[in-house]
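K.L.:
Have a look at this one.
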There are 2 protein chains.
Amino acid sequence: MSSETPKRLLFRQFAAVAKAVAHEHRLELLEALAQGERNVELLANRTGMSVANTSQHLQQMRRAGLIESRREGKFTFYRLSGPAVLDLLAALTRIGERHVGEVDKIVRTYFLSRDELEPVSRSELLARMKDGDVLVIDVRPQDEFASGHLPNAINIPLEELEAQLATLDTKKEIVAYCRGAYCVLSFDMVERLRARGFKARRLEDGWPEWQAAGLPVDPFPSS
Amino acid sequence: MSSETPKRLLFRQFAAVAKAVAHEHRLELLEALAQGERNVELLANRTGMSVANTSQHLQQMRRAGLIESRREGKFTFYRLSGPAVLDLLAALTRIGERHVGEVDKIVRTYFLSRDELEPVSRSELLARMKDGDVLVIDVRPQDEFASGHLPNAINIPLEELEAQLATLDTKKEIVAYCRGAYCVLSFDMVERLRARGFKARRLEDGWPEWQAAGLPVDPFPSS
DNA sequence: ATATCAATCAATCAAATAATTGAATAGTGT
DNA sequence: ACACTATTCAATTATTTGATTGATTGATAT
């Protein structure tokens with residue numbers, strides 16, 4: 001069997017793309033980039049990696065076509081190369097979720113099980129937002145909230161919950177969301193809110209998916 | 001930064017799933033499995049790998065939740081664990097296709113460029129099949145054809161084209177398909193048919209995608 | 001029982017990948 | 001020109017991963 005059939009060559013390319021996502025740290029970088037464009041240093045800080053290490057992982061993903069970069073002055077900004085990258089991540093988590101027992105075990109060990117958190121679907125949330133009887137909380141850090149969020153969502157990172165508790169409308173049901181289906185910030189948020197007597201649920205996934213679905217966003221997209 | 005946050009643990013699991021697809025040979029195995037359930041030896045022959053090697057790759061994918069196995073007598077049959085695996089492969093090829101220039105270059109080096117092959121969409125083919133003015137050729141090996149194919153398709157593996165040429169209706173337009181968007185058998189088939197004066201085009205993707213889309217199939221699904 | 005066959009396991013060696021370090025670029029502000 | 005900052009590059013080392021070989025398990029048939 002010749003190893004140089006066109007088919008082999010093609011599979012080698014596709015495998016290279018897969019290799020580029022096949023690392024803990026790179027997945028974390030992609031999750032961060034799914035929130036919006038970011039520079040190297042910020043990504044390094046957010047993921048706890050060294051700058052050099054972060055830079056190398058980013059370049060690897062760029063070579064594979066997962067992300068693109070843009071230079072602005074001293075900074076290099078990276079961003080996802082397109083919506084297919086979100087599809088890739090979604091498929092990956094769906095497989096993990098459905099077929100890797102370990103995943104469910106981790107979630108259950110650290111949080112209430114997913115069913116108990118009663119996830120809200122995007123369409124259900126959208127409908128209830130129109131009725132105005134729901135309070136949407138974005139649990140991500142401020143900079144991620146700033147680069148885009150659900151309409152009328154308010155930004156409360158976990159560490160600021162205490163300070164903002166008094167300002168929350170106790171009558172409305174709360175829906176919390178963050179980066180994606182397995183961004184644990186919103187798991188945590190829902191638990192804390194419930195512990196304080198609020199009726200709180202989780203959005204089934206996060207900001208990148210909402211945006212990719214073409215649903216209304218804040219601020220209104222400029223380009 | 002603790003490396004034992006639940007988030008890290010989750011990403012580690014998802015990375016493990018990605019690692020399991022991140023190999024030339026494993027992608028080839030998945031492509032074969034996307035055609036239907038297969039045993040180890042057949043997969044080894046089809047991919048040109050040793051049986052032991054094939055078995056190890058399969059087990060690795062099983063551990064990652066990509067495939068499942070079933071024992072029947074002496075044989076172990078493997079199959080995809082679910083439709084999310086096809087989504088994963090689709091996302092992978094879409095990224096490769098869009099962002100890795102190499103992919104297009106390979107196709108163009110060995111075949112006519114993709115545009116020249118004028119791919120037919122699934123819905124377009126479906127419509128024309130109803131009108132009855134199109135001849136659908138399945139280019140895959142007999143065993144794959146046997147485990148399922150497009151309605152009224154005829155099976156002509158590449159090496160049998162010569163022998164069957166005379167039996168083809170020269171008036172109808174031909175649409176060829178095989179395993180997927182980058183299964184090169186149908187590229188080849190379309191070129192050969194055109195060289196002989198037939199009007200031939202390629203289906204945009206292959207059997208697994210057709211089936212996953214819930215379109216009508218032959219033989220009628222039993223379960 | 002024994003032979004046979006499919007698949008897996010275990011041990012080995014070769015190759016690829018990741019993290020770290022310190023040096024090198026390239027763009028900014030003074 | 002100079003220092004300063006963000007990022008990248010290059011070299012090293014530790015670790016992981018892949019292919020091969022031959023032995024082993026488990027199921028079937030004679």
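Here, A, B, ... name the chains of the structure tokens in the order displayed, residue numbers run from 1 inside each chain, and ligands are numbered from 1 in the same displayed order.
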Using only C-alpha atoms (C1' of nucleotides), which residues sit within 9 Å of D:DT8 once same-chain residues fewer than 2 positions away are excluded, as a ChimeraX atom specification?
P.N.:
/A:52,55-56 /C:24-25
K.L.:
For N, CA and C atoms (P, O5', C5', C4', C3', O3' and C1' of nucleotides), I'd like the residues from the last selection saved as a tab-separated table (two decimals), in the first residue's frame.
P.N.:
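Saved as result28.tsv:
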chain	number	residue	atom	x	y	z
A	52	ALA	N	5.22	32.47	26.39
A	52	ALA	CA	5.89	31.74	25.30
A	52	ALA	C	5.11	30.48	24.94
A	55	SER	N	1.92	31.38	23.18
A	55	SER	CA	2.21	31.79	21.81
A	55	SER	C	2.41	30.57	20.90
A	56	GLN	N	3.13	29.59	21.41
A	56	GLN	CA	3.38	28.42	20.59
A	56	GLN	C	2.11	27.62	20.30
C	24	DA	P	20.62	36.66	20.81
C	24	DA	O5'	19.24	36.80	20.03
C	24	DA	C5'	18.85	35.78	19.12
C	24	DA	C4'	17.61	36.23	18.41
C	24	DA	C3'	17.72	37.60	17.73
C	24	DA	O3'	17.09	37.51	16.46
C	24	DA	C1'	15.89	37.60	19.20
C	25	DT	P	17.43	38.56	15.32
C	25	DT	O5'	15.98	38.95	14.81
C	25	DT	C5'	15.05	39.30	15.79
C	25	DT	C4'	13.67	39.35	15.24
C	25	DT	C3'	13.36	40.64	14.50
C	25	DT	O3'	12.27	40.44	13.62
C	25	DT	C1'	12.30	40.65	16.63
K.L.:
Mind dumping a table of every chain B residue within 8 Å of chain C, with the nearest atom pair and its distance in Å to one decimal, using only C-alpha atoms (C1' of nucleotides), sorted by chain and rising number, as a tab-separated table?
P.N.:
residue	atom	partner	partner_atom	distance
B:Val40	CA	C:DA7	C1'	7.6
B:Glu41	CA	C:DA6	C1'	7.7
B:Ala52	CA	C:DT8	C1'	7.6
B:Ser55	CA	C:DA7	C1'	7.3
B:Lys74	CA	C:DA6	C1'	5.5
B:Phe75	CA	C:DA6	C1'	5.8
B:Thr76	CA	C:DA7	C1'	7.4
K.L.:
Include N, CA and C atoms and write out the residues we just selected as an mmCIF file, in the first residue's frame.
P.N.:
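New file out_24.cif:
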data_model
loop_
_atom_site.group_PDB
_atom_site.id
_atom_site.type_symbol
_atom_site.label_atom_id
_atom_site.label_comp_id
_atom_site.auth_asym_id
_atom_site.auth_seq_id
_atom_site.Cartn_x
_atom_site.Cartn_y
_atom_site.Cartn_z
ATOM 1 N N VAL B 40 -12.699 -6.367 12.687
ATOM 2 C CA VAL B 40 -11.329 -5.871 12.722
ATOM 3 C C VAL B 40 -10.534 -6.241 11.473
ATOM 4 N N GLU B 41 -10.629 -7.487 11.080
ATOM 5 C CA GLU B 41 -9.795 -7.914 9.965
ATOM 6 C C GLU B 41 -10.140 -7.185 8.674
ATOM 7 N N ALA B 52 -3.041 -6.282 14.369
ATOM 8 C CA ALA B 52 -2.747 -5.851 15.740
ATOM 9 C C ALA B 52 -2.821 -4.331 15.849
ATOM 10 N N SER B 55 -6.385 -3.158 15.628
ATOM 11 C CA SER B 55 -7.089 -3.438 16.870
ATOM 12 C C SER B 55 -6.770 -2.384 17.932
ATOM 13 N N LYS B 74 -16.638 -15.410 16.827
ATOM 14 C CA LYS B 74 -15.224 -15.078 16.846
ATOM 15 C C LYS B 74 -14.956 -13.608 16.511
ATOM 16 N N PHE B 75 -15.952 -12.957 15.965
ATOM 17 C CA PHE B 75 -15.720 -11.615 15.434
ATOM 18 C C PHE B 75 -16.101 -10.487 16.391
ATOM 19 N N THR B 76 -15.348 -9.436 16.346
ATOM 20 C CA THR B 76 -15.723 -8.216 17.049
ATOM 21 C C THR B 76 -16.111 -7.184 16.005
#
K.L.:
Residues within 12 Å of A:Ser113, please, as a list in words. Count only C-alpha atoms (C1' of nucleotides); anything in the same chain fewer than 3 positions from it doesn't count.
P.N.:
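Here the qualifying residues turn out to be Val103, Asp104, Lys105, Ile106, Val107, Arg108, Thr109, Tyr110, Glu116, Leu117, Glu118, Pro119, Phe187, Asp188, Val190, Glu191 and Arg202 of chain A.
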K.L.:
Could you tell me which residues of chain B sit within 12 Å of chain D when counting only C-alpha atoms (C1' of nucleotides), and give me the result as a PyMOL selection string?
P.N.:
chain B and resi 19-20+22-26+49-54+56-57+60+71-76
K.L.:
What gap, in Å, lies between atom CA of A:Glu37 and atom CA of A:Leu66?
P.N.:
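Distance reported for this atom pair: 13.3 Å.
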K.L.:
Using only C-alpha atoms, which of the listed residues (B:Ile137, B:Ala44, B:Lys171, B:Tyr182) sits closest to chain A?
P.N.:
B:Tyr182
K.L.:
Quick one: of B:Val184, B:Leu80, B:Val136, B:Ala34, who's nearest to chain A, counting only C-alpha atoms?
P.N.:
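The closest residue to chain A is B:Val184.
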K.L.:
Tell me the residues of chain A close to chain B, meaning within 7 Å using only C-alpha atoms, as a VMD selection string.
P.N.:
chain A and resid 1 6 to 7 10 to 19 21 to 24 27 48 64 to 66 84 87 to 88 91 to 96 99 to 100 103 106 110 184
K.L.:
Write the selection just made, keeping N, CA, C and O atoms, as a short mmCIF file (atom, residue, chain, number, x, y, z; two decimals), in the first residue's frame?
P.N.:
data_model
loop_
_atom_site.label_atom_id
_atom_site.label_comp_id
_atom_site.auth_asym_id
_atom_site.auth_seq_id
_atom_site.Cartn_x
_atom_site.Cartn_y
_atom_site.Cartn_z
N MET A 1 0.84 -1.21 0.00
CA MET A 1 0.00 0.00 0.00
C MET A 1 0.87 1.25 0.00
O MET A 1 1.57 1.53 0.97
N PRO A 6 -3.65 10.14 -2.81
CA PRO A 6 -4.25 11.44 -2.46
C PRO A 6 -5.12 11.32 -1.22
O PRO A 6 -5.18 12.24 -0.40
N LYS A 7 -5.76 10.19 -1.06
CA LYS A 7 -6.62 9.99 0.09
C LYS A 7 -5.82 10.09 1.39
O LYS A 7 -6.24 10.75 2.34
N LEU A 10 -4.93 13.64 2.09
CA LEU A 10 -6.06 14.40 2.62
C LEU A 10 -6.29 14.08 4.09
O LEU A 10 -6.43 14.98 4.91
N PHE A 11 -6.30 12.79 4.40
CA PHE A 11 -6.51 12.42 5.80
C PHE A 11 -5.43 13.00 6.69
O PHE A 11 -5.68 13.36 7.84
N ARG A 12 -4.23 13.09 6.16
CA ARG A 12 -3.14 13.66 6.96
C ARG A 12 -3.45 15.11 7.30
O ARG A 12 -3.22 15.56 8.42
N GLN A 13 -4.01 15.84 6.35
CA GLN A 13 -4.36 17.23 6.62
C GLN A 13 -5.46 17.34 7.66
O GLN A 13 -5.40 18.15 8.57
N PHE A 14 -6.48 16.51 7.50
CA PHE A 14 -7.59 16.57 8.45
C PHE A 14 -7.12 16.15 9.84
O PHE A 14 -7.54 16.71 10.85
N ALA A 15 -6.22 15.17 9.88
CA ALA A 15 -5.69 14.74 11.17
C ALA A 15 -4.90 15.88 11.82
O ALA A 15 -4.92 16.05 13.05
N ALA A 16 -4.24 16.67 11.01
CA ALA A 16 -3.48 17.80 11.54
C ALA A 16 -4.41 18.80 12.22
O ALA A 16 -4.08 19.36 13.27
N VAL A 17 -5.59 19.00 11.63
CA VAL A 17 -6.57 19.89 12.25
C VAL A 17 -7.00 19.32 13.60
O VAL A 17 -7.05 20.03 14.61
N ALA A 18 -7.26 18.03 13.61
CA ALA A 18 -7.70 17.38 14.85
C ALA A 18 -6.60 17.45 15.91
O ALA A 18 -6.87 17.71 17.08
N LYS A 19 -5.37 17.24 15.49
CA LYS A 19 -4.26 17.31 16.44
C LYS A 19 -4.20 18.67 17.11
O LYS A 19 -3.88 18.79 18.29
N VAL A 21 -6.54 20.59 17.97
CA VAL A 21 -7.50 20.77 19.07
C VAL A 21 -7.27 19.77 20.19
O VAL A 21 -7.83 19.92 21.27
N ALA A 22 -6.43 18.78 19.93
CA ALA A 22 -6.32 17.66 20.86
C ALA A 22 -5.40 17.95 22.03
O ALA A 22 -4.47 17.20 22.28
N HIS A 23 -5.64 19.02 22.71
CA HIS A 23 -4.83 19.34 23.88
C HIS A 23 -5.63 20.23 24.83
O HIS A 23 -6.21 21.22 24.41
N GLU A 24 -5.65 19.80 26.05
CA GLU A 24 -6.27 20.51 27.16
C GLU A 24 -6.13 22.04 27.05
O GLU A 24 -7.11 22.77 27.03
N LEU A 27 -7.74 23.64 23.94
CA LEU A 27 -9.20 23.75 24.05
C LEU A 27 -9.57 24.95 24.91
O LEU A 27 -10.52 25.68 24.61
N GLY A 48 -3.38 30.70 32.69
CA GLY A 48 -2.33 30.34 33.63
C GLY A 48 -1.10 29.73 32.98
O GLY A 48 -0.31 29.06 33.63
N ALA A 64 -2.93 25.15 11.64
CA ALA A 64 -3.95 24.14 11.31
C ALA A 64 -5.23 24.78 10.77
O ALA A 64 -6.14 24.08 10.37
N GLY A 65 -5.29 26.10 10.78
CA GLY A 65 -6.47 26.76 10.23
C GLY A 65 -7.61 26.95 11.22
O GLY A 65 -8.71 27.30 10.84
N LEU A 66 -7.35 26.72 12.50
CA LEU A 66 -8.41 26.89 13.49
C LEU A 66 -8.60 28.35 13.86
O LEU A 66 -9.71 28.79 14.15
N ALA A 84 -17.12 26.95 11.78
CA ALA A 84 -16.88 25.50 11.79
C ALA A 84 -16.11 25.09 13.03
O ALA A 84 -16.23 23.96 13.50
N ASP A 87 -18.54 24.37 15.65
CA ASP A 87 -19.17 23.07 15.38
C ASP A 87 -18.27 21.94 15.86
O ASP A 87 -18.73 20.95 16.43
N LEU A 88 -16.99 22.12 15.58
CA LEU A 88 -16.03 21.10 15.99
C LEU A 88 -16.05 20.94 17.51
O LEU A 88 -16.14 19.83 18.04
N ALA A 91 -19.29 19.24 18.67
CA ALA A 91 -19.30 17.80 18.42
C ALA A 91 -18.44 17.08 19.45
O ALA A 91 -18.82 16.04 19.99
N LEU A 92 -17.32 17.68 19.74
CA LEU A 92 -16.40 17.10 20.71
C LEU A 92 -17.05 16.97 22.08
O LEU A 92 -16.97 15.91 22.72
N THR A 93 -17.71 18.02 22.53
CA THR A 93 -18.32 17.96 23.85
C THR A 93 -19.52 17.02 23.83
O THR A 93 -19.76 16.32 24.81
N ARG A 94 -20.22 16.98 22.71
CA ARG A 94 -21.37 16.09 22.67
C ARG A 94 -20.94 14.63 22.78
O ARG A 94 -21.57 13.82 23.47
N ILE A 95 -19.86 14.30 22.11
CA ILE A 95 -19.36 12.93 22.20
C ILE A 95 -18.88 12.63 23.62
O ILE A 95 -19.21 11.60 24.19
N GLY A 96 -18.15 13.58 24.20
CA GLY A 96 -17.66 13.39 25.55
C GLY A 96 -18.81 13.18 26.52
O GLY A 96 -18.81 12.24 27.33
N HIS A 99 -20.80 9.77 25.65
CA HIS A 99 -20.17 8.46 25.63
C HIS A 99 -19.01 8.28 26.58
O HIS A 99 -18.47 7.20 26.69
N VAL A 100 -18.59 9.34 27.24
CA VAL A 100 -17.51 9.20 28.19
C VAL A 100 -18.05 9.37 29.60
O VAL A 100 -18.39 10.48 30.01
N VAL A 103 -17.01 12.19 32.09
CA VAL A 103 -17.50 13.56 32.00
C VAL A 103 -18.66 13.79 32.97
O VAL A 103 -18.66 14.75 33.75
N ILE A 106 -17.50 13.85 36.57
CA ILE A 106 -16.85 15.09 36.99
C ILE A 106 -17.89 16.15 37.33
O ILE A 106 -17.84 16.77 38.39
N TYR A 110 -18.58 17.78 41.21
CA TYR A 110 -18.35 19.16 41.60
C TYR A 110 -19.62 19.99 41.68
O TYR A 110 -19.67 21.02 42.32
N VAL A 184 -18.06 26.18 33.74
CA VAL A 184 -18.55 25.84 35.07
C VAL A 184 -18.98 27.05 35.89
O VAL A 184 -19.59 26.91 36.94
#
K.L.:
One number please: atom CA of A:Val120 to atom CA of A:Phe145, in Å, one decimal.
P.N.:
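That distance, rounded to one decimal, is 20.0 Å.
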K.L.:
Which residues, written as a ChimeraX atom specification, have at least one atom at most 10 Å from B:Asp143, with only C-alpha atoms (C1' of nucleotides) counted and residues fewer than 4 positions away on the same chain left out?
P.N.:
/B:35-36,38,147-148
K.L.:
Create the file for the chosen residues now, containing all heavy atoms and written as a compact mmCIF listing (two decimals), in the first residue's frame.
P.N.:
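Writing the result to again-v3.txt gives the following:
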# COMPACT_ATOMS: atom_id res chain seq x y z
N GLN B 35 -19.61 3.78 6.97
CA GLN B 35 -20.38 3.07 5.95
C GLN B 35 -21.22 1.96 6.58
O GLN B 35 -22.15 1.46 5.97
CB GLN B 35 -19.47 2.46 4.89
CG GLN B 35 -18.40 3.39 4.36
CD GLN B 35 -18.93 4.72 3.87
OE1 GLN B 35 -19.94 4.77 3.20
NE2 GLN B 35 -18.26 5.81 4.23
N GLY B 36 -20.88 1.57 7.79
CA GLY B 36 -21.62 0.51 8.45
C GLY B 36 -20.69 -0.27 9.37
O GLY B 36 -19.48 -0.05 9.39
N ARG B 38 -18.34 -3.01 10.94
CA ARG B 38 -17.29 -3.82 10.32
C ARG B 38 -16.47 -4.54 11.38
O ARG B 38 -16.33 -4.04 12.49
CB ARG B 38 -16.34 -2.94 9.51
CG ARG B 38 -16.94 -2.29 8.28
CD ARG B 38 -17.16 -3.29 7.17
NE ARG B 38 -17.75 -2.68 5.98
CZ ARG B 38 -19.05 -2.45 5.83
NH1 ARG B 38 -19.89 -2.74 6.79
NH2 ARG B 38 -19.51 -1.92 4.70
N SER B 147 -24.35 -2.83 2.64
CA SER B 147 -24.91 -2.44 3.94
C SER B 147 -25.76 -1.17 3.87
O SER B 147 -26.19 -0.65 4.89
CB SER B 147 -23.83 -2.35 5.04
OG SER B 147 -22.61 -1.91 4.59
N GLY B 148 -26.00 -0.69 2.68
CA GLY B 148 -26.91 0.43 2.52
C GLY B 148 -26.46 1.37 1.42
O GLY B 148 -25.28 1.61 1.24
K.L.:
Residues of stretch 37-201 of chain B classed as strand (DSSP E) by DSSP on the backbone are to be reported as an MDAnalysis selection string.
P.N.:
chainID B and resid 38:39 67:72 75:80 134:138 154:155 173:177 200:201
K.L.:
Only N, CA, C and O atoms, please: the residues just picked out, written as a CSV table (one decimal), in the first residue's frame.
P.N.:
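Printed below is part-v1.csv as written:
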chain,number,residue,atom,x,y,z
B,38,ARG,N,-18.3,-3.0,10.9
B,38,ARG,CA,-17.3,-3.8,10.3
B,38,ARG,C,-16.5,-4.5,11.4
B,38,ARG,O,-16.3,-4.0,12.5
B,39,ASN,N,-15.9,-5.7,11.0
B,39,ASN,CA,-15.0,-6.4,12.0
B,39,ASN,C,-13.5,-5.9,11.8
B,39,ASN,O,-13.2,-5.2,10.8
B,67,ILE,N,-16.4,5.1,19.1
B,67,ILE,CA,-17.0,3.9,18.5
B,67,ILE,C,-17.4,2.9,19.6
B,67,ILE,O,-16.9,3.0,20.8
B,68,GLU,N,-18.2,1.9,19.2
B,68,GLU,CA,-18.6,0.9,20.2
B,68,GLU,C,-18.4,-0.4,19.5
B,68,GLU,O,-18.3,-0.5,18.3
B,69,SER,N,-18.3,-1.5,20.3
B,69,SER,CA,-18.1,-2.8,19.7
B,69,SER,C,-19.1,-3.8,20.2
B,69,SER,O,-19.7,-3.7,21.3
B,70,ARG,N,-19.2,-4.9,19.5
B,70,ARG,CA,-20.2,-5.9,19.7
B,70,ARG,C,-19.5,-7.2,19.3
B,70,ARG,O,-18.9,-7.3,18.3
B,71,ARG,N,-19.6,-8.2,20.2
B,71,ARG,CA,-18.9,-9.5,19.8
B,71,ARG,C,-19.9,-10.5,19.3
B,71,ARG,O,-21.0,-10.6,19.8
B,72,GLU,N,-19.6,-11.1,18.2
B,72,GLU,CA,-20.5,-12.1,17.6
B,72,GLU,C,-19.6,-13.3,17.2
B,72,GLU,O,-18.9,-13.2,16.2
B,75,PHE,N,-16.0,-13.0,16.0
B,75,PHE,CA,-15.7,-11.6,15.4
B,75,PHE,C,-16.1,-10.5,16.4
B,75,PHE,O,-17.1,-10.6,17.2
B,76,THR,N,-15.3,-9.4,16.3
B,76,THR,CA,-15.7,-8.2,17.0
B,76,THR,C,-16.1,-7.2,16.0
B,76,THR,O,-15.3,-6.8,15.1
B,77,PHE,N,-17.3,-6.7,16.1
B,77,PHE,CA,-17.8,-5.7,15.1
B,77,PHE,C,-17.8,-4.4,15.8
B,77,PHE,O,-18.2,-4.2,16.9
B,78,TYR,N,-17.2,-3.4,15.1
B,78,TYR,CA,-17.2,-2.0,15.6
B,78,TYR,C,-18.1,-1.2,14.8
B,78,TYR,O,-18.4,-1.4,13.6
B,79,ARG,N,-18.7,-0.2,15.4
B,79,ARG,CA,-19.5,0.8,14.7
B,79,ARG,C,-19.4,2.2,15.4
B,79,ARG,O,-18.9,2.3,16.5
B,80,LEU,N,-19.8,3.2,14.7
B,80,LEU,CA,-19.7,4.6,15.3
B,80,LEU,C,-20.7,4.6,16.5
B,80,LEU,O,-21.7,4.0,16.5
B,134,VAL,N,-31.9,10.8,-13.9
B,134,VAL,CA,-30.6,10.7,-13.4
B,134,VAL,C,-30.2,9.3,-13.0
B,134,VAL,O,-31.0,8.5,-12.5
B,135,LEU,N,-28.9,9.0,-13.3
B,135,LEU,CA,-28.4,7.6,-13.0
B,135,LEU,C,-27.5,7.7,-11.9
B,135,LEU,O,-26.4,8.4,-12.0
B,136,VAL,N,-27.8,7.1,-10.7
B,136,VAL,CA,-26.9,7.2,-9.6
B,136,VAL,C,-25.9,6.1,-9.4
B,136,VAL,O,-26.4,4.9,-9.4
B,137,ILE,N,-24.7,6.4,-9.4
B,137,ILE,CA,-23.7,5.3,-9.3
B,137,ILE,C,-23.0,5.4,-7.9
B,137,ILE,O,-22.4,6.4,-7.6
B,138,ASP,N,-23.0,4.2,-7.3
B,138,ASP,CA,-22.3,4.1,-6.0
B,138,ASP,C,-20.9,3.5,-6.3
B,138,ASP,O,-20.8,2.3,-6.7
B,154,ILE,N,-26.8,2.1,-8.6
B,154,ILE,CA,-26.2,0.9,-9.0
B,154,ILE,C,-24.7,0.9,-8.5
B,154,ILE,O,-24.1,2.0,-8.5
B,155,ASN,N,-24.2,-0.2,-8.2
B,155,ASN,CA,-22.9,-0.3,-7.6
B,155,ASN,C,-21.8,-0.6,-8.7
B,155,ASN,O,-21.8,-1.7,-9.3
B,173,GLU,N,-28.0,11.8,-17.3
B,173,GLU,CA,-26.9,12.3,-16.6
B,173,GLU,C,-26.5,11.4,-15.4
B,173,GLU,O,-27.4,10.8,-14.8
B,174,ILE,N,-25.2,11.3,-15.1
B,174,ILE,CA,-24.8,10.4,-14.0
B,174,ILE,C,-24.4,11.2,-12.8
B,174,ILE,O,-23.7,12.3,-13.0
B,175,VAL,N,-24.8,10.8,-11.7
B,175,VAL,CA,-24.2,11.3,-10.4
B,175,VAL,C,-23.5,10.2,-9.6
B,175,VAL,O,-24.1,9.2,-9.4
B,176,ALA,N,-22.3,10.4,-9.4
B,176,ALA,CA,-21.5,9.4,-8.6
B,176,ALA,C,-21.3,9.9,-7.2
B,176,ALA,O,-21.1,11.1,-6.9
B,177,TYR,N,-21.3,8.9,-6.3
B,177,TYR,CA,-21.0,9.2,-4.9
B,177,TYR,C,-20.2,8.1,-4.3
B,177,TYR,O,-20.2,7.0,-4.8
B,200,ALA,N,-21.3,13.7,-16.3
B,200,ALA,CA,-21.2,13.1,-15.0
B,200,ALA,C,-20.8,14.2,-13.9
B,200,ALA,O,-20.1,15.1,-14.2
B,201,ARG,N,-21.5,14.1,-12.8
B,201,ARG,CA,-21.1,15.0,-11.7
B,201,ARG,C,-21.0,14.2,-10.4
B,201,ARG,O,-21.3,13.0,-10.3
K.L.:
As a PyMOL selection string, please: the residues near stretch 211-222 of chain B (cut-off 7 Å, only C-alpha atoms (C1' of nucleotides), same-chain neighbours under 3 positions excluded).
P.N.:
chain B and resi 148-151+207-208
K.L.:
How many Å lie between atom CA of A:Met61 and atom CA of A:Leu30, rounded to one decimal?
P.N.:
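Separation between atom CA of A:Met61 and atom CA of A:Leu30: 9.2 Å.
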